[in-house]
>>> print(open('target_20.cif').read())   # mmCIF, C-alpha atoms
data_coords
loop_
_atom_site.label_atom_id
_atom_site.label_comp_id
_atom_site.auth_asym_id
_atom_site.auth_seq_id
_atom_site.Cartn_x
_atom_site.Cartn_y
_atom_site.Cartn_z
CA MET A 57 -0.67 12.35 10.58
CA ALA A 58 3.10 12.20 10.04
CA PRO A 59 4.72 12.59 7.60
CA GLY A 60 1.86 14.61 6.10
CA LEU A 61 1.36 12.39 3.09
CA PRO A 62 -2.21 11.74 1.96
CA LEU A 63 -3.26 8.15 2.52
CA VAL A 64 -5.26 6.62 -0.30
CA LEU A 65 -6.44 3.03 -0.32
CA THR A 66 -8.34 1.25 -3.02
CA ASP A 67 -11.56 -0.43 -2.02
CA TYR A 68 -10.01 -3.87 -2.41
CA ILE A 69 -6.96 -3.06 -0.29
CA GLU A 70 -9.26 -1.79 2.45
CA TRP A 71 -11.25 -5.02 2.06
CA GLU A 72 -8.08 -7.14 2.28
CA ALA A 73 -7.04 -5.39 5.49
CA THR A 74 -10.41 -5.66 7.21
CA ARG A 75 -12.29 -8.68 5.82
CA SER A 76 -11.14 -11.24 8.38
CA GLY A 77 -12.82 -9.55 11.34
CA SER A 78 -9.75 -10.28 13.49
CA ALA A 79 -8.75 -7.90 16.26
CA THR A 80 -6.15 -6.33 13.94
CA ALA A 81 -8.69 -6.02 11.10
CA LEU A 82 -11.14 -4.31 13.46
CA GLU A 83 -8.42 -1.91 14.64
CA ILE A 84 -7.61 -1.03 11.03
CA LYS A 85 -11.28 -0.51 10.22
CA SER A 86 -11.71 1.73 13.29
CA TRP A 87 -8.56 3.70 12.45
CA ILE A 88 -9.77 4.34 8.89
CA ALA A 89 -13.20 5.39 10.17
CA ALA A 90 -11.62 7.72 12.76
CA HIS A 91 -9.61 9.60 10.09
CA PRO A 92 -12.13 10.49 7.35
CA ASN A 93 -10.27 13.68 6.43
CA LYS A 94 -6.90 11.92 6.14
CA VAL A 95 -7.73 8.54 4.65
CA ARG A 96 -9.49 8.26 1.32
CA VAL A 97 -10.80 4.98 -0.09
CA VAL A 98 -11.04 4.95 -3.89
CA GLU A 99 -13.66 2.71 -5.47
CA THR A 100 -12.49 0.63 -8.43
CA GLU A 101 -14.40 -1.55 -10.87
CA LEU A 102 -12.17 -4.55 -10.21
CA GLY A 103 -12.31 -4.01 -6.46
CA GLN A 104 -16.10 -3.85 -6.40
CA ALA A 105 -16.41 -6.97 -8.56
CA ARG A 106 -13.91 -8.96 -6.48
CA ILE A 107 -15.42 -7.89 -3.16
CA ALA A 108 -18.88 -8.91 -4.39
CA SER A 109 -17.63 -12.31 -5.54
CA GLU A 110 -15.79 -12.89 -2.26
CA VAL A 111 -18.83 -11.91 -0.20
CA ALA A 112 -20.93 -14.28 -2.33
CA LYS A 113 -18.21 -16.94 -1.95
CA THR A 114 -18.07 -17.46 -5.71
CA SER A 115 -14.36 -16.74 -6.10
CA LYS A 116 -11.34 -18.94 -5.50
CA LYS A 117 -8.57 -17.88 -3.14
CA VAL A 118 -6.02 -18.22 -5.94
CA GLU A 119 -7.92 -15.55 -7.90
CA ARG A 120 -6.96 -12.96 -5.23
CA ARG A 121 -3.36 -12.85 -6.45
CA ASN A 122 -2.29 -9.25 -7.12
CA VAL A 123 -5.86 -7.92 -7.07
CA GLY A 124 -4.88 -5.15 -4.65
CA GLU A 125 -1.96 -4.07 -6.84
CA VAL A 126 -4.12 -4.13 -9.96
CA THR A 127 -6.75 -1.96 -8.26
CA VAL A 128 -3.99 0.54 -7.46
CA PHE A 129 -3.02 0.54 -11.12
CA GLU A 130 -6.68 1.04 -12.10
CA ALA A 131 -6.98 4.03 -9.72
CA LEU A 132 -3.74 5.52 -11.09
CA ALA A 133 -4.72 4.97 -14.73
CA ASN A 134 -8.16 6.52 -14.18
CA GLY A 135 -6.66 9.55 -12.44
CA ASP A 136 -8.64 8.84 -9.27
CA VAL A 137 -5.69 9.52 -6.95
CA GLY A 138 -4.14 12.67 -8.41
CA ASP A 139 -0.84 13.34 -10.14
CA GLY A 140 1.75 11.91 -7.74
CA PRO A 141 4.44 11.04 -7.07
CA PHE A 142 3.11 8.12 -5.08
CA LEU A 143 4.59 5.92 -2.40
CA PHE A 144 3.46 2.29 -2.47
CA LEU A 145 4.10 0.43 0.78
CA PHE A 146 4.33 -3.31 0.47
CA GLU A 147 5.15 -6.25 2.64
CA GLU A 148 8.74 -7.35 2.32
CA ASP A 149 7.88 -10.78 0.94
CA LYS A 150 5.53 -9.38 -1.73
CA PHE A 151 7.73 -7.02 -3.71
CA VAL A 152 6.04 -4.99 -6.43
CA ASP A 153 8.43 -3.56 -9.02
CA PRO A 154 7.62 0.09 -9.74
CA GLY A 155 7.76 -0.79 -13.45
CA PHE A 156 4.42 -2.55 -12.88
CA TYR A 157 2.83 0.89 -12.70
CA GLY A 158 4.19 1.99 -16.08
CA ARG A 159 4.50 5.74 -16.58
CA HIS A 160 2.98 6.61 -13.20
CA PRO A 161 5.48 8.00 -10.65
CA VAL A 162 5.32 5.26 -8.01
CA HIS A 163 8.00 4.38 -5.49
CA SER A 164 7.83 0.88 -3.98
CA VAL A 165 9.00 0.93 -0.37
CA THR A 166 9.00 -1.86 2.21
CA THR A 167 7.23 -1.30 5.48
CA PHE A 168 10.54 -1.24 7.34
CA GLY A 169 12.10 1.00 4.67
CA PHE A 170 9.28 3.47 5.26
CA LEU A 171 9.83 3.33 9.02
CA VAL A 172 13.57 3.93 8.57
CA GLY A 173 12.78 6.91 6.33
CA LEU A 174 10.53 8.32 9.05
CA GLU A 175 13.27 7.75 11.63
CA ARG A 176 15.96 9.41 9.48
CA SER A 177 13.68 12.41 9.01
CA GLY A 178 13.10 12.74 12.76
CA ILE A 179 9.39 11.94 12.53
CA ILE A 180 9.64 8.83 14.71
CA PRO A 181 12.35 8.05 17.26
CA SER A 182 13.05 4.42 16.30
CA ALA A 183 12.10 2.19 13.39
CA ASP A 184 13.35 -0.83 15.35
CA VAL A 185 10.97 -0.17 18.26
CA ILE A 186 7.98 -0.06 15.90
CA LEU A 187 9.15 -3.16 14.02
CA GLY A 188 9.54 -4.95 17.36
CA ALA A 189 6.01 -3.92 18.38
CA MET A 190 4.64 -5.16 15.04
CA ARG A 191 6.36 -8.51 15.50
CA SER A 192 5.19 -8.89 19.10
CA ASN A 193 1.61 -8.17 18.03
CA GLY A 194 1.35 -11.07 15.62
CA ARG A 195 3.28 -9.80 12.60
CA GLU A 196 6.20 -12.21 13.00
CA GLY A 197 6.69 -12.39 9.24
CA VAL A 198 7.63 -8.73 8.98
CA LYS A 199 11.30 -8.61 8.06
CA ALA A 200 13.78 -5.79 8.52
CA VAL A 201 14.27 -5.34 4.78
CA ILE A 202 14.90 -1.86 3.49
CA LEU A 203 14.04 -1.27 -0.10
CA ASP A 204 13.11 1.87 -1.95
CA ARG A 205 12.65 1.19 -5.62
CA PRO A 206 12.26 4.63 -7.14
CA HIS A 207 10.14 5.44 -10.09
CA ARG A 208 12.18 5.69 -13.27
CA ALA A 209 10.85 8.45 -15.40
CA SER A 210 9.78 7.98 -18.96
CA ARG A 211 11.42 10.13 -21.60
CA GLU A 212 9.04 13.05 -21.16
CA ASP A 213 8.86 13.12 -17.35
CA ALA A 214 11.40 14.00 -14.68
CA ASP A 215 12.52 11.47 -12.08
CA THR A 216 10.90 11.73 -8.68
CA THR A 217 12.39 11.32 -5.21
CA TRP A 218 10.82 10.34 -1.93
CA ARG A 219 11.70 11.34 1.58
CA PRO A 220 9.28 11.85 4.45
#
>>> encode(input="target_20.cif", output="structure tokens")
Amino acid sequence: MAPGLPLVLTDYIEWEATRSGSATALEIKSWIAAHPNKVRVVETELGQARIASEVAKTSKKVERRNVGEVTVFEALANGDVGDGPFLFLFEEDKFVDPGFYGRHPVHSVTTFGFLVGLERSGIIPSADVILGAMRSNGREGVKAVILDRPHRASREDADTTWRP
């Protein structure tokens, strides 16, 4: 799986991507299941609690705000995902400042920014072709925004860089 980065999802992020049962959600679920050695799903306390409340229909939609991001922070803080540095892909309209993750070496990169990085590294031939395919398959809201907000090291740690 290019670019050779491990793919780690929290339980809630996996839930967010697959809960609707749509064709896209089913494709994502199948893709995760087909790559058990490359995709790891990390269980979190918050994720398990939120998933249970959503399955039981006891939670409000407004209570979902930032749950995925907070489960990532929980997994980082508990050491469940390793030492990093980490690359956090986010949708262009839902920017997450890397400062949210505190001392953990996290880079926030837009989906299109990630694709452009892959293109510049010769891993994929064209970011624009993939973006076009995403838009034509129901992801009209995906914008061509490139953003890589690097982790800013604390006093005791070195800065990190990202490039596929």
>>> residues_around(input="target_20.cif", residues="A:Val126", least_positions_apart="3", cutoff="10 Å", atoms="only C-alpha atoms", output="list in words")
Thr66, Tyr68, Thr100, Leu102, Gly103, Arg121, Asn122, Val123, Phe129, Glu130, Ala131, Leu132, Phe156 and Tyr157 of chain A
>>> atom_distance(input="target_20.cif", atom1="atom CA of A:Leu171", atom2="atom CA of A:Ser78")
24.3 Å
>>> resolve_selection(input="target_20.cif", expression="the PyMOL selection byres ((chain A and resi 67) around 12)", output="MDAnalysis selection string")
chainID A and resid 64:66 68:75 95:108 123:128 130:131
>>> closest_residue(input="target_20.cif", among="A:Asn93, A:His160, A:Thr80, A:Thr167", to="A:Ala183", atoms="only C-alpha atoms")
A:Thr167
>>> atom_distance(input="target_20.cif", atom1="atom CA of A:Pro62", atom2="atom CA of A:Lys94")
6.3 Å
>>> atom_distance(input="target_20.cif", atom1="atom CA of A:Phe146", atom2="atom CA of A:Val165")
6.4 Å
>>> resolve_selection(input="target_20.cif", expression="the PyMOL selection byres ((chain A and resi 145) around 9)", output="CSV table (one decimal) with C-alpha atoms, keeping the file's coordinate frame")
chain,number,residue,atom,x,y,z
A,143,LEU,CA,4.6,5.9,-2.4
A,144,PHE,CA,3.5,2.3,-2.5
A,146,PHE,CA,4.3,-3.3,0.5
A,147,GLU,CA,5.2,-6.2,2.6
A,163,HIS,CA,8.0,4.4,-5.5
A,164,SER,CA,7.8,0.9,-4.0
A,165,VAL,CA,9.0,0.9,-0.4
A,166,THR,CA,9.0,-1.9,2.2
A,167,THR,CA,7.2,-1.3,5.5
A,169,GLY,CA,12.1,1.0,4.7
A,170,PHE,CA,9.3,3.5,5.3
